[in-house]
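Undergrad: I'd like to ask some things about the structure below.
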Amino acid sequence: MISKNDLEYIRADFSDIDKEYRNIEKEIWGLEELPIVKKYIELQAKKNALATKRKNLYGLMKYGEYENCNHLWGISMDEYGEYDYVCVKCGLNYKSLRLTNRGKEDSLSFDERVMASVLKGQSFVNDADINLVCDKDLAMALYKKIKEHHPDIDDKTAVKYLEIALEDIRNIEVSEKRKKNRAKRLGLRHDFNRWK
Ligand SMILES: [Zn+2]
């Protein structure tokens with residue numbers, strides 16, 4: 001219960017804050033009359049309208065890309081410590097569907113929601129093309145590099161190169177500095193450390 005005495009203090013505080021609030025509001029209204037600010041508000045409104053369209057189109061585009069990819073499946077361990085099929089070409093993976101089926105859709109990113117909706121319509125993959133378990137980002141980066149050097153490579157050969165590259169990474173011990181350089185060359189995060 002707020003005492004009458006306290007209520008007086010609260011009223012006085014409110015009155016002070018309210019005055020300041022209204023003054024700032026008036027000042028903002030004044031600024032909104034300036035041509036440059038008018039322009040700013042107009043651009044913000046346009047930007048917001050475009051953002052929605054852009055997001056919808058991005059979702060459609062990704063959906064189409066996932067659907068049209070001739071997937072090359074590898075196996076990776078996700079951040080929850082669960083094995084997951086991952087396409088090294090487009091990044092499509094089953095974590096999104098697994099979490100959706102467990103009612104954890106809220107934890108998915110926009111891209112992962114798109115993935116889940118693509119996978120819902122497809123039969124489950126139960127055979128990997130790549131015979132090594134490997135971090136998703138690393139596998140995708142290696143595939144991308146192989147594709148850069150051999151644009152016309154077929155999937156089977158690409159898999160062979162990828163497996164060799166992965167085995168070299170695992171068997172040949174290098175210094176931390178060289179690991180950092182390798183991550184940089186592959187376009188991985190500077191602190192990437194999931195080589196094994
Ligand atoms: Zn794919």
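Just remember, in the structure tokens the first chain shown is A, the second B, etc., residues are 1-based per chain, and ligands are 1-based in the order shown.
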Could the residues that lie within 9 Å of ligand 1, counting only C-alpha atoms and all ligand atoms, be listed as a list in words?
TA: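 Counting only what the definition allows, namely only C-alpha atoms and all ligand atoms, the set is Glu65, Tyr66, Glu67, Asn68, Cys69, Asn70, His71, Leu72, Trp73, Val86, Cys87, Val88, Lys89, Cys90, Gly91, Leu92 and Asn93 of chain A.
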Undergrad: Residues of region 41-148 of chain A that have any atom at most 9 Å from an atom of region 157-164 of chain A: could you tabulate them with the shortest-distance atom pair and the distance in Å to one decimal, using only C-alpha atoms, ordered by chain and increasing number, as CSV?
TA:
residue,atom,partner,partner_atom,distance
A:Leu72,CA,A:Val159,CA,8.3
A:Asp129,CA,A:Val159,CA,7.3
A:Ile130,CA,A:Val159,CA,6.1
A:Asn131,CA,A:Glu163,CA,7.4
A:Leu132,CA,A:Glu163,CA,7.0
A:Ala139,CA,A:Leu162,CA,7.7
A:Leu142,CA,A:Leu162,CA,6.5
A:Tyr143,CA,A:Leu162,CA,6.5
A:Ile146,CA,A:Ala158,CA,6.9
A:Lys147,CA,A:Ala158,CA,7.7
Undergrad: For region 178-181 of chain A, find every residue with an atom within 9 Å (counting only C-alpha atoms), except residues of its own chain fewer than 3 positions away, and show them as a list in words.
TA: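 Using only C-alpha atoms, the neighbours found are Val174, Ser175, Lys184, Arg185, Leu186, His190, Asp191, Phe192, Asn193 and Trp195 of chain A.
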Undergrad: What separation in Å, quoted to one decimal, exists between CA of Leu34 (chain A) and CA of Thr52 (chain A)?
TA: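 Interatomic distance, CA of Leu34 (chain A) to CA of Thr52 (chain A): 27.9 Å.
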Undergrad: DSSP on the backbone, helix (DSSP H, G or I) only: what residues of region 2-186 of chain A does that give? Format it as an NGL selection string.
TA: :A and (4-31 or 35-68 or 95-101 or 105-107 or 110-120 or 136-149 or 155-171 or 176-185)
Undergrad: List every residue of region 84-149 of chain A that has an atom at most 12 Å from any atom of region 53-57 of chain A, giving for each one its closest atom pair and the distance in Å to one decimal, counting only C-alpha atoms, sorted by chain and then by ascending residue number, as CSV.
TA:
residue,atom,partner,partner_atom,distance
A:Phe110,CA,A:Lys55,CA,9.1
A:Asp111,CA,A:Lys55,CA,10.2
A:Val114,CA,A:Asn56,CA,10.6
Undergrad: Looking at A:His150, A:Arg189, A:Lys95, A:Lys46, which one is nearest to Ser107 (chain A), with distances taken over only C-alpha atoms?
TA: A:Lys95
Undergrad: Apply DSSP to the backbone of this structure and, from chain A, keep only the residues in strand (DSSP E); write these as an NGL selection string.
TA: :A and (73-77 or 83-87)
Undergrad: Report the distance between CA of Tyr63 (chain A) and CA of Met115 (chain A) in Å, rounded to one decimal place.
TA: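 That distance, rounded to one decimal, is 7.2 Å.
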Undergrad: Point out the residue among A:Tyr94, A:Tyr58, A:Trp29, A:Tyr21 with the least atom-to-atom distance to Leu119 (chain A), counting only C-alpha atoms.
TA: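 Nearest to Leu119 (chain A): A:Tyr94.
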Undergrad: Please indicate the distance in Å from CA of Tyr9 (chain A) to CA of Asn23 (chain A), rounded to one decimal place.
TA: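 Going from CA of Tyr9 (chain A) over to CA of Asn23 (chain A) covers 21.5 Å.
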